[in-house]
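Asker: Sharing a structure here in structure tokens format.
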Number of protein chains: 2
Amino acid sequence: MKELDERIINEGKVIMPDILKVDSFLNHQMDVALFEKIGAEFARRFKDEAINKILTIESSGIGIAVMAARYFGHCPVVFVKKNASRLVNGDVYQTKIHSFTKDQDYQATVAKNYLNEEDHVLIIDDFLANGEAVSGMIALCQQAKADVHGVGIVIEKGFQQGRQRILRQGVRLESLAVIDRFEDGQVILRKDETCI
Amino acid sequence: MKELDERIINEGKVIMPDILKVDSFLNHQMDVALFEKIGAEFARRFKDEAINKILTIESSGIGIAVMAARYFGHCPVVFVKKNASRLVNGDVYQTKIHSFTKDQDYQATVAKNYLNEEDHVLIIDDFLANGEAVSGMIALCQQAKADVHGVGIVIEKGFQQGRQRILRQGVRLESLAVIDRFEDGQVILRKDETCI
């Protein structure tokens, strides 16, 4: 997606050794028009899959997932909770996820009512780095016997282990932009987005 | 909104003395088609306001806010962070919000870059109870000198203090459904939704 690539190059800020901040359009301020195009692109890439549910994880995945659902027949979106409140109790699936960004573990939680063996799931998230969150969502789908048809990511850090972890589990992965490396504080994207 | 009222009556579960669980369509599993109608209804109610930004708070407000933004000229949506990660640093506005649901305080945070005196803000959230989260968002807008044109809520607990707190600050409030009370584990809605 050319527009996404341009936004990353023009607005992304590299902080720390390996963190990309794109909060002007993706995960703090959200560019809803861009989200529509992202949703349409996920639909194009997964058009042969009979998706009937989108799974994401709070918080930054939610906006993208909801917009994408418009292009998948307005299927329901379920968001995995990172900190189960007293509103989530009873029958849940849980798995431990480590956040490298926040350097803490959390119990990712989804209610059994909203994920089950009749679900054909597309997992959507804003970022893929080490693949912790996505692997956690795949694990929750396995517990629920739901069928994972693929993973759709907006920005993948291609130099981290997420891709290998997901592919090793036999799950299809589509990333709309892949960062090859950071160089002198600049983002270098992989050129051929279809070749990832 | 008749459809929303019906969903609350049919699917809402009253737990604890005063908690309504609507996670089958609003804040765990999300009914994206319903969210579109909710967005359109907010647009109808606030059609005379020149909104150029929607402010919400993670996590359950995000899906509704993003969908609503489609009906406000695809204006940007900014979500306030409850737990500022190391990705949010530098120049931020902050205010303390108490969560009665989780019984804890958190520092609600928004980057100064994304809220400023040129913003004409509609605040959107899924629930209004004591008004803590909305009052926090109004406080953040005041810090940023942004102009709050109104607050749009999906479900208001009419027997709690949120409405009074917001109106006392001179801010317009529109709630799509208002719960009058819980009776024998049932939800009793106020009948005239336009009369709130």
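Residues in the structure tokens are numbered from 1 in each chain, the chains being A, B, ... in the order shown, and ligands are numbered from 1 in the order shown.
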Enumerate as an NGL selection string the residues belonging to chain A that approach chain B to within 8 Å, with only C-alpha atoms taken into account.

Answerer: :A and (19 or 21 or 24 or 28-33 or 58-59 or 62-63 or 66-67 or 69-70 or 74-81 or 85-87 or 101-102 or 114)

Asker: So that I can see what lies close to Gln94 of chain A, please list as a ChimeraX atom specification the residues with an atom at most 9 Å from it, counting only C-alpha atoms and leaving out residues fewer than 3 positions away in the same chain.

Answerer: /A:107-111,136,139-140,143

Asker: Atom CA of Ile51 of chain B to atom CA of Val151 of chain B: how many Å, to one decimal?

Answerer: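 Computing it gives 11.4 Å between the two atoms.
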
Asker: Give me, as a PyMOL selection string, all polymer residues having an atom no more than 10 Å from Val187 of chain A, counting only C-alpha atoms and skipping those fewer than 4 positions away in the same chain.

Answerer: chain A and resi 5+8-10+12-14+20+179-183

Asker: So the first atom is atom CA of Asp126 of chain A and the second is atom CA of Arg165 of chain A; what is the distance between them in Å, to one decimal place?

Answerer: 17.0 Å
